[in-house]
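**Student:** This is input31.txt (compact mmCIF, C-alpha atoms).
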```txt
# COMPACT_ATOMS: atom_id res chain seq x y z
CA MET A 27 15.83 -12.59 0.87
CA ARG A 28 16.12 -12.61 4.68
CA LEU A 29 14.25 -15.35 6.58
CA GLU A 30 12.63 -12.71 8.82
CA ILE A 31 11.10 -11.01 5.76
CA VAL A 32 9.91 -14.35 4.31
CA LEU A 33 8.01 -14.96 7.57
CA LEU A 34 6.63 -11.41 7.57
CA VAL A 35 5.33 -11.70 3.99
CA LEU A 36 3.89 -15.16 4.70
CA GLY A 37 2.08 -13.98 7.84
CA MET A 38 0.73 -10.86 6.18
CA THR A 39 -0.46 -12.92 3.18
CA LEU A 40 -2.45 -15.23 5.46
CA VAL A 41 -4.09 -12.52 7.60
CA THR A 42 -4.96 -10.56 4.44
CA TYR A 43 -6.35 -13.49 2.44
CA ILE A 44 -8.44 -15.06 5.22
CA PRO A 45 -10.81 -12.05 5.73
CA ARG A 46 -11.11 -11.73 1.95
CA ALA A 47 -12.06 -15.37 1.33
CA LEU A 48 -14.14 -16.04 4.46
CA PRO A 49 -17.45 -14.72 3.02
CA ALA A 50 -17.03 -16.96 -0.06
CA VAL A 51 -17.16 -20.02 2.20
CA PHE A 52 -19.93 -18.90 4.56
CA LEU A 53 -22.17 -16.43 2.71
CA ASP A 54 -23.85 -19.09 0.52
CA LYS A 55 -25.36 -20.80 3.53
CA ILE A 56 -27.34 -17.79 4.77
CA ARG A 57 -30.32 -16.00 3.23
CA LEU A 58 -30.14 -12.19 3.36
CA SER A 59 -33.12 -10.17 4.65
CA PRO A 60 -34.07 -7.03 2.62
CA ARG A 61 -32.91 -4.83 5.50
CA LEU A 62 -29.50 -6.55 5.68
CA GLU A 63 -29.24 -6.27 1.91
CA ARG A 64 -29.93 -2.50 2.10
CA PHE A 65 -27.28 -2.27 4.81
CA LEU A 66 -24.77 -4.03 2.55
CA ASN A 67 -25.77 -1.83 -0.38
CA LEU A 68 -25.13 1.32 1.68
CA ILE A 69 -21.66 0.21 2.77
CA PRO A 70 -19.93 1.23 -0.50
CA TYR A 71 -21.15 4.80 0.05
CA THR A 72 -20.11 5.00 3.70
CA ALA A 73 -16.81 3.12 3.16
CA MET A 74 -15.75 5.45 0.34
CA ALA A 75 -16.74 8.53 2.36
CA ALA A 76 -14.72 7.23 5.33
CA LEU A 77 -11.73 6.39 3.10
CA ILE A 78 -11.75 9.96 1.75
CA PHE A 79 -12.40 11.94 4.91
CA PRO A 80 -10.48 12.99 6.95
CA GLY A 81 -7.52 11.11 5.33
CA VAL A 82 -7.45 13.53 2.39
CA LEU A 83 -6.51 16.35 4.78
CA THR A 84 -3.29 14.56 5.75
CA VAL A 85 -1.97 13.62 2.29
CA ASP A 86 0.88 15.93 3.26
CA THR A 87 0.90 16.19 7.05
CA ALA A 88 2.85 19.45 6.95
CA GLN A 89 0.63 21.08 4.28
CA PRO A 90 -3.13 20.41 4.58
CA LEU A 91 -3.64 22.64 1.51
CA ILE A 92 -2.13 19.90 -0.72
CA GLY A 93 -4.91 17.48 0.19
CA ILE A 94 -7.64 20.11 0.24
CA LEU A 95 -6.93 21.65 -3.17
CA GLY A 96 -6.17 18.27 -4.80
CA GLY A 97 -9.38 16.87 -3.32
CA VAL A 98 -11.50 19.87 -4.33
CA THR A 99 -10.13 19.60 -7.88
CA ALA A 100 -11.27 15.97 -8.10
CA LEU A 101 -14.59 16.86 -6.42
CA VAL A 102 -15.48 19.68 -8.84
CA LEU A 103 -14.47 17.70 -11.94
CA ALA A 104 -16.33 14.57 -10.78
CA TRP A 105 -19.40 16.69 -10.01
CA ARG A 106 -19.23 18.04 -13.58
CA LYS A 107 -19.18 14.39 -14.73
CA CYS A 108 -15.61 14.39 -16.06
CA PRO A 109 -14.15 10.90 -16.70
CA LEU A 110 -12.36 9.21 -13.77
CA MET A 111 -8.87 9.46 -15.28
CA VAL A 112 -9.29 13.20 -15.96
CA CYS A 113 -10.24 13.82 -12.31
CA VAL A 114 -7.27 11.84 -10.96
CA LEU A 115 -4.67 13.32 -13.33
CA ALA A 116 -5.97 16.87 -12.75
CA ALA A 117 -5.66 16.42 -8.95
CA ILE A 118 -2.05 15.17 -9.34
CA GLY A 119 -1.32 18.11 -11.69
CA VAL A 120 -2.74 20.69 -9.26
CA ASP A 121 -0.62 19.28 -6.41
CA PHE A 122 2.47 19.25 -8.62
CA ILE A 123 1.97 22.95 -9.40
CA LEU A 124 1.31 23.70 -5.70
CA TYR A 125 4.58 22.00 -4.73
CA LEU A 126 6.42 24.20 -7.23
CA PHE A 127 5.34 27.27 -5.26
CA ILE A 128 5.54 26.12 -1.63
CA MET B 30 -19.86 -14.63 -22.67
CA ALA B 31 -17.48 -15.08 -19.74
CA SER B 32 -14.52 -13.88 -21.82
CA LYS B 33 -16.46 -10.74 -22.85
CA GLN B 34 -17.27 -10.10 -19.17
CA PHE B 35 -13.58 -10.60 -18.34
CA LYS B 36 -12.61 -8.05 -21.01
CA ASN B 37 -15.24 -5.59 -19.70
CA GLY B 38 -13.72 -6.00 -16.24
CA LEU B 39 -10.24 -5.25 -17.57
CA ILE B 40 -11.55 -2.06 -19.20
CA ALA B 41 -13.50 -1.00 -16.09
CA GLY B 42 -10.33 -1.46 -14.04
CA LEU B 43 -8.17 0.75 -16.30
CA PRO B 44 -8.69 4.00 -14.32
CA VAL B 45 -7.18 2.24 -11.30
CA LEU B 46 -3.87 2.16 -13.22
CA PHE B 47 -3.54 5.87 -12.51
CA GLY B 48 -4.16 5.34 -8.85
CA TYR B 49 -2.20 2.14 -8.30
CA ILE B 50 0.98 2.72 -10.30
CA PRO B 51 1.73 5.98 -8.42
CA VAL B 52 0.85 4.44 -5.05
CA GLY B 53 2.82 1.28 -5.93
CA ILE B 54 5.81 3.54 -6.64
CA ALA B 55 5.19 5.35 -3.34
CA PHE B 56 5.10 2.02 -1.44
CA ALA B 57 8.37 0.88 -3.04
CA ILE B 58 10.05 4.17 -2.10
CA LEU B 59 8.85 3.79 1.49
CA ALA B 60 10.04 0.15 1.56
CA HIS B 61 13.42 1.19 0.17
CA GLN B 62 13.72 3.76 2.95
CA ALA B 63 12.77 1.06 5.50
CA GLY B 64 15.67 -1.08 4.28
CA PHE B 65 13.91 -3.74 2.14
CA ASN B 66 15.74 -4.82 -1.00
CA LEU B 67 14.12 -5.07 -4.45
CA TRP B 68 12.95 -8.71 -4.13
CA GLU B 69 11.64 -8.21 -0.60
CA THR B 70 9.72 -5.12 -1.71
CA CYS B 71 8.21 -6.90 -4.72
CA SER B 72 7.25 -10.01 -2.73
CA PHE B 73 4.92 -7.89 -0.55
CA SER B 74 2.99 -6.72 -3.61
CA ILE B 75 2.97 -10.19 -5.24
CA PHE B 76 1.67 -12.11 -2.20
CA VAL B 77 -0.05 -9.64 0.14
CA PHE B 78 -1.59 -7.23 -2.41
CA ALA B 79 -3.00 -4.75 0.13
CA GLY B 80 -1.81 -1.17 -0.29
CA ALA B 81 -2.62 0.32 3.09
CA SER B 82 -1.26 -2.73 4.98
CA GLN B 83 1.97 -2.76 3.00
CA MET B 84 2.52 0.96 3.61
CA MET B 85 1.84 0.44 7.29
CA ALA B 86 4.18 -2.58 7.42
CA ALA B 87 7.05 -0.65 5.82
CA GLY B 88 6.47 2.25 8.23
CA MET B 89 6.36 -0.03 11.29
CA TYR B 90 9.44 -1.99 10.20
CA ALA B 91 11.36 1.24 9.74
CA GLN B 92 10.47 2.16 13.32
CA GLY B 93 11.78 -1.21 14.55
CA ALA B 94 8.46 -3.02 15.16
CA GLY B 95 8.54 -6.81 15.53
CA ILE B 96 7.19 -9.25 12.89
CA ALA B 97 4.28 -10.36 15.13
CA ALA B 98 3.12 -6.80 15.82
CA ILE B 99 3.13 -5.98 12.12
CA ILE B 100 1.12 -9.13 11.29
CA ILE B 101 -1.49 -8.39 14.00
CA ALA B 102 -1.84 -4.77 12.84
CA THR B 103 -2.28 -6.04 9.27
CA PHE B 104 -5.04 -8.41 10.38
CA ILE B 105 -6.93 -5.58 12.12
CA LEU B 106 -6.54 -3.25 9.17
CA ASN B 107 -7.84 -5.96 6.82
CA LEU B 108 -10.93 -6.91 8.82
CA ARG B 109 -12.87 -4.49 6.61
CA HIS B 110 -12.26 -6.89 3.71
CA ILE B 111 -14.77 -9.30 5.29
CA ILE B 112 -17.50 -6.71 4.71
CA MET B 113 -16.17 -5.80 1.28
CA SER B 114 -15.94 -9.43 0.08
CA ALA B 115 -19.46 -10.06 1.45
CA CYS B 116 -20.77 -7.03 -0.51
CA VAL B 117 -19.01 -8.14 -3.70
CA LEU B 118 -20.29 -11.73 -3.36
CA ASN B 119 -23.78 -10.46 -2.54
CA ARG B 120 -23.91 -8.66 -5.90
CA MET B 121 -22.13 -11.41 -7.83
CA ASP B 122 -23.88 -14.10 -9.88
CA ASP B 123 -23.35 -17.55 -8.45
CA ALA B 124 -20.14 -19.35 -9.43
CA PRO B 125 -18.16 -22.40 -8.25
CA LEU B 126 -16.63 -21.94 -4.80
CA TRP B 127 -13.01 -22.28 -6.00
CA LYS B 128 -13.52 -19.49 -8.56
CA LYS B 129 -15.03 -17.18 -5.96
CA ALA B 130 -12.36 -18.03 -3.37
CA LEU B 131 -9.64 -17.32 -5.94
CA ALA B 132 -11.23 -14.05 -7.13
CA MET B 133 -11.61 -12.82 -3.55
CA PHE B 134 -7.79 -12.64 -3.32
CA GLY B 135 -8.28 -9.44 -5.29
CA THR B 136 -10.72 -7.73 -2.92
CA THR B 137 -9.30 -4.26 -2.38
CA ASP B 138 -10.87 -0.87 -1.63
CA GLU B 139 -10.75 -0.08 -5.34
CA SER B 140 -11.98 -3.38 -6.86
CA PHE B 141 -14.77 -3.31 -4.25
CA ALA B 142 -15.69 0.30 -5.08
CA LEU B 143 -15.69 -0.39 -8.83
CA PHE B 144 -17.67 -3.63 -8.59
CA THR B 145 -20.34 -2.53 -6.13
CA THR B 146 -21.11 0.58 -8.20
CA GLU B 147 -21.17 -1.39 -11.47
CA LYS B 148 -24.30 -2.26 -13.47
CA LYS B 149 -26.00 -5.40 -12.17
CA GLU B 150 -25.56 -7.25 -15.50
CA ASN B 151 -21.77 -6.90 -15.17
CA CYS B 152 -21.70 -8.43 -11.70
CA THR B 153 -20.15 -11.79 -12.59
CA VAL B 154 -17.06 -13.59 -11.36
CA ALA B 155 -15.44 -13.12 -14.80
CA PHE B 156 -15.96 -9.33 -14.68
CA PHE B 157 -14.54 -9.15 -11.16
CA ALA B 158 -11.56 -11.30 -12.24
CA GLY B 159 -10.88 -8.77 -15.01
CA VAL B 160 -10.95 -5.87 -12.55
CA VAL B 161 -8.70 -7.83 -10.17
CA LEU B 162 -6.15 -8.74 -12.86
CA ILE B 163 -5.72 -5.15 -14.04
CA THR B 164 -5.49 -3.80 -10.47
CA TYR B 165 -3.05 -6.58 -9.46
CA LEU B 166 -0.82 -5.96 -12.48
CA SER B 167 -0.79 -2.18 -12.03
CA TRP B 168 0.01 -2.53 -8.31
CA ASN B 169 2.94 -4.85 -9.09
CA VAL B 170 4.19 -2.80 -12.05
CA GLY B 171 4.09 0.29 -9.81
CA THR B 172 6.00 -1.52 -7.06
CA LEU B 173 8.67 -2.78 -9.48
CA LEU B 174 9.03 0.67 -11.08
CA GLY B 175 9.30 2.29 -7.66
CA ALA B 176 11.86 -0.26 -6.45
CA ILE B 177 14.01 0.45 -9.50
CA LEU B 178 13.44 4.20 -9.57
CA SER B 179 13.54 4.87 -5.83
CA ASP B 180 17.06 6.24 -6.05
CA PHE B 181 16.36 8.63 -8.92
CA LEU B 182 12.81 10.03 -8.63
CA PRO B 183 12.68 13.73 -7.67
CA ASP B 184 10.87 14.47 -4.40
CA ILE B 185 8.30 16.74 -6.03
CA ILE B 186 6.92 13.90 -8.22
CA THR B 187 6.73 11.49 -5.28
CA ALA B 188 4.89 14.08 -3.20
CA SER B 189 2.40 15.01 -5.96
CA LEU B 190 1.36 11.37 -6.39
CA GLY B 191 0.09 11.26 -2.79
CA ILE B 192 -3.31 12.66 -3.79
CA ALA B 193 -3.92 9.98 -6.49
CA LEU B 194 -5.83 7.42 -4.40
CA TYR B 195 -8.03 10.07 -2.72
CA ALA B 196 -8.82 11.62 -6.10
CA LEU B 197 -9.81 8.15 -7.28
CA PHE B 198 -12.20 7.59 -4.35
CA ILE B 199 -13.72 11.06 -4.76
CA SER B 200 -14.31 10.53 -8.49
CA LEU B 201 -15.97 7.19 -7.77
CA LEU B 202 -18.24 8.46 -4.99
CA VAL B 203 -19.33 11.92 -6.19
CA PRO B 204 -21.20 10.91 -9.38
CA LYS B 205 -23.08 8.27 -7.35
CA ILE B 206 -24.42 10.72 -4.76
CA SER B 207 -24.76 14.00 -6.68
CA GLY B 208 -28.41 14.91 -7.14
CA ASN B 209 -29.52 12.73 -4.22
CA LEU B 210 -29.85 14.64 -0.96
CA ARG B 211 -30.19 11.59 1.31
CA LEU B 212 -27.14 9.77 -0.08
CA THR B 213 -25.10 13.01 0.01
CA ALA B 214 -26.14 13.56 3.63
CA LEU B 215 -25.12 9.99 4.46
CA ALA B 216 -21.67 10.48 2.88
CA VAL B 217 -21.11 13.77 4.76
CA LEU B 218 -22.31 12.19 8.02
CA THR B 219 -19.86 9.29 7.53
CA GLY B 220 -16.93 11.61 6.86
CA LEU B 221 -17.67 13.67 9.98
CA CYS B 222 -18.26 10.56 12.09
CA ASN B 223 -14.91 9.14 10.92
CA MET B 224 -13.11 12.41 11.70
CA LEU B 225 -14.57 12.43 15.20
CA LEU B 226 -13.69 8.75 15.81
CA CYS B 227 -10.12 9.27 14.54
CA HIS B 228 -9.53 11.43 17.63
CA ILE B 229 -10.79 8.70 19.95
CA ILE B 230 -9.61 5.39 18.45
CA ASP B 231 -6.95 4.32 15.95
CA SER B 232 -7.76 5.51 12.42
CA SER B 233 -7.97 1.98 10.92
CA TRP B 234 -10.63 1.10 13.56
CA ALA B 235 -12.36 4.46 13.07
CA LEU B 236 -12.73 3.60 9.38
CA ILE B 237 -14.37 0.24 10.19
CA VAL B 238 -16.68 1.63 12.89
CA SER B 239 -17.85 4.69 10.95
CA THR B 240 -18.47 2.60 7.81
CA LEU B 241 -20.63 0.09 9.70
CA LEU B 242 -22.34 2.58 12.02
CA CYS B 243 -23.32 5.04 9.29
CA ALA B 244 -24.51 2.30 6.91
CA PHE B 245 -26.69 1.11 9.79
CA ILE B 246 -28.02 4.65 10.39
CA GLY B 247 -28.59 4.90 6.63
CA ILE B 248 -31.07 2.00 6.71
CA PHE B 249 -33.49 4.30 8.56
CA PHE B 250 -33.46 7.33 6.25
CA VAL B 251 -32.15 6.29 2.84
CA ARG B 252 -35.11 4.99 0.87
CA ALA B 253 -35.06 1.87 -1.27
CA GLU B 254 -35.81 4.02 -4.35
CA ASP B 255 -32.62 6.09 -3.77
CA LEU B 256 -30.61 2.96 -4.46
CA ARG B 257 -32.98 1.85 -7.21
CA GLU B 258 -32.75 5.27 -8.93
CA GLU B 259 -29.01 4.76 -8.91
CA ALA B 260 -29.35 1.38 -10.54
CA HIS B 261 -31.74 2.89 -13.08
CA LYS B 262 -29.33 5.74 -13.87
CA ASP B 263 -26.65 3.14 -14.57
CA GLU B 264 -28.60 1.65 -17.42
CA THR B 265 -28.91 4.89 -19.36
```
Translate this file's structure into structure tokens.

**Tutor:**
Amino acid sequence: MRLEIVLLVLGMTLVTYIPRALPAVFLDKIRLSPRLERFLNLIPYTAMAALIFPGVLTVDTAQPLIGILGGVTALVLAWRKCPLMVCVLAAIGVDFILYLFI
Amino acid sequence: MASKQFKNGLIAGLPVLFGYIPVGIAFAILAHQAGFNLWETCSFSIFVFAGASQMMAAGMYAQGAGIAAIIIATFILNLRHIIMSACVLNRMDDAPLWKKALAMFGTTDESFALFTTEKKENCTVAFFAGVVLITYLSWNVGTLLGAILSDFLPDIITASLGIALYALFISLLVPKISGNLRLTALAVLTGLCNMLLCHIIDSSWALIVSTLLCAFIGIFFVRAEDLREEAHKDET
């Protein structure tokens, strides 16, 4: 392993772990107001929405259809309350078939 | 009790296998193309354990970026973990500091999404540790597989796996908001806000800003019972 890469991994480990662990050290000492708690409870919804859109459109930067049809497949199946694994595998399957034709 | 919670966490984390193994393979292929050898590639997944950052690092390194620039970009991209860890800890039963600090190594978009949408009675450090262990193992198994396979895997398979993580996020979010107009509106608003911001600022910042901004806007129109209804639905 090259020294340069050892330093890169070490640095990335530190700057990734510190933001993760920081709230464990400081959060205990503060009391959360109901409004702040509602804010924190809403973050999972907004974070997931932001992680999905518009990133899903650029799964394949040359072919937006790959992301759109794969995403719609997962959306429809999840809306019909299919299990998580079914939704994910179906989306991969649809994209595989699409790639066979384009 | 703790060991049962740990086992429940392992089971809850299983669907992430299908997201992480493919993406782990994808990362290893990208790292291989960037010129990292097998041990270098695997050491990223063992120590850093952050999918988006590792992908970005491999991409930047391939383009000749310096070590310092990659580390700074990683830090910015991972700032969102402060919010995610705070959310996870906010829902988690109290536990010794060292246990929480250790478990927070495993805060990722997926473990966060799984934990914060989980039933309140499962929100313990043991349950989270179970989720983390299964996600950590699948990420590393995927990386190792990809590092070994990177020379042989046909392009069509690699390309098809690109949708896996998005499909995972969609399947986590949709059941939580379907049937609730205000939460659906909030999710749509966030997506549009993020798309708009992506044109103005870097996409990793756009993600942070739209997440925070729209959650803040949500305080004013999402009612407390929308979130309570959700919690109630969980128990049935």

**Student:** Could you give me, as CSV, every chain A residue with an atom at most 7 Å from chain B, plus its closest atom pair and distance in Å to one decimal, counting only C-alpha atoms, rows ordered by chain then number?

**Tutor:**
```
residue,atom,partner,partner_atom,distance
A:Met27,CA,B:Glu69,CA,6.2
A:Ile31,CA,B:Glu69,CA,7.0
A:Leu34,CA,B:Ile96,CA,5.8
A:Val35,CA,B:Phe73,CA,5.9
A:Gly37,CA,B:Ile100,CA,6.0
A:Met38,CA,B:Ile100,CA,5.4
A:Thr39,CA,B:Val77,CA,4.5
A:Val41,CA,B:Phe104,CA,5.1
A:Thr42,CA,B:Asn107,CA,5.9
A:Tyr43,CA,B:Phe134,CA,6.0
A:Pro45,CA,B:Ile111,CA,4.8
A:Arg46,CA,B:His110,CA,5.3
A:Ala47,CA,B:Ala130,CA,5.4
A:Leu48,CA,B:Ile111,CA,6.8
A:Pro49,CA,B:Ala115,CA,5.3
A:Ala50,CA,B:Ala130,CA,5.8
A:Arg64,CA,B:Ile248,CA,6.5
A:Phe65,CA,B:Ala244,CA,5.7
A:Leu66,CA,B:Cys116,CA,5.9
A:Leu68,CA,B:Ala244,CA,5.4
A:Ile69,CA,B:Ala244,CA,5.4
A:Pro70,CA,B:Ala142,CA,6.3
A:Tyr71,CA,B:Ala216,CA,6.4
A:Thr72,CA,B:Thr240,CA,5.0
A:Ala73,CA,B:Thr240,CA,5.0
A:Met74,CA,B:Phe198,CA,6.3
A:Ala75,CA,B:Ala216,CA,5.3
A:Ala76,CA,B:Gly220,CA,5.1
A:Leu77,CA,B:Leu236,CA,6.9
A:Ile78,CA,B:Tyr195,CA,5.8
A:Phe79,CA,B:Gly220,CA,4.9
A:Pro80,CA,B:Met224,CA,5.5
A:Val82,CA,B:Tyr195,CA,6.2
A:Val85,CA,B:Gly191,CA,6.0
A:Gly93,CA,B:Ile192,CA,6.5
A:Gly96,CA,B:Ile192,CA,6.4
A:Gly97,CA,B:Ala196,CA,6.0
A:Ala100,CA,B:Ala196,CA,5.4
A:Leu101,CA,B:Ile199,CA,6.1
A:Ala104,CA,B:Ser200,CA,5.1
A:Trp105,CA,B:Pro204,CA,6.1
A:Lys107,CA,B:Pro204,CA,6.7
A:Leu110,CA,B:Ser200,CA,5.8
A:Met111,CA,B:Pro44,CA,5.5
A:Cys113,CA,B:Ser200,CA,6.5
A:Val114,CA,B:Ala196,CA,5.1
A:Ala117,CA,B:Ala196,CA,6.4
A:Ile118,CA,B:Ser189,CA,5.6
A:Asp121,CA,B:Ser189,CA,5.2
A:Phe122,CA,B:Ser189,CA,5.0
A:Tyr125,CA,B:Ile185,CA,6.6
```

**Student:** Quote the spacing between CA of His61 in chain B and CA of Leu33 in chain A in Å to one decimal place.

**Tutor:**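 It comes out at 18.6 Å.
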
**Student:** Could you pull the residues within 12 Å of Ala31 in chain B, counting all atoms listed in the file, minus those fewer than 5 positions along the same chain, as a list of chain:residue names?

**Tutor:**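 Returned residues: B:Lys36, B:Asn37, B:Gly38, B:Asp122, B:Ala124, B:Asn151, B:Cys152, B:Thr153, B:Val154, B:Ala155, B:Phe156, B:Phe157, B:Ala158, B:Gly159.
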
**Student:** One decimal, in Å: what's the spacing between CA of Gly53 in chain B and CA of Leu178 in chain B?

**Tutor:**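 Computing it gives 11.6 Å between the two atoms.
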
**Student:** Name all residues at most 8 Å from Gly171 in chain B (count all atoms listed in the file; drop same-chain ones fewer than 3 positions away) and give them as a list in words.

**Tutor:**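 Residues near the query, excluding close chain neighbours: Tyr49, Ile50, Pro51, Val52, Gly53, Ile54, Ser167, Trp168, Leu174 and Gly175 of chain B.
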
**Student:** Which of these residues is nearest to Asp86 in chain A, using all atoms listed in the file: A:Leu124, A:Val112, A:Val32, A:Leu62?

**Tutor:**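 Among the listed residues, A:Leu124 lies closest to Asp86 in chain A.
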
**Student:** Restricting the calculation to all atoms listed in the file: of A:Ile44, A:Leu36, A:Leu29, A:Ile123, which residue gets closest to Ile92 in chain A?

**Tutor:**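 The answer is A:Ile123, which sits nearest to Ile92 in chain A.
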
**Student:** Report the distance between CA of Ala63 in chain B and CA of Ala88 in chain A in Å, rounded to one decimal place.

**Tutor:**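 Those two atoms sit 20.9 Å apart.
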
**Student:** Quick one: 6 Å padding each side, axis-aligned, all listed atoms of range 44-57 of chain B - centre and edge lengths in Å to one decimal, as AutoDock Vina command-line options?

**Tutor:**
```
--center_x -0.2 --center_y 3.4 --center_z -7.9 --size_x 29.1 --size_y 17.1 --size_z 24.9
```
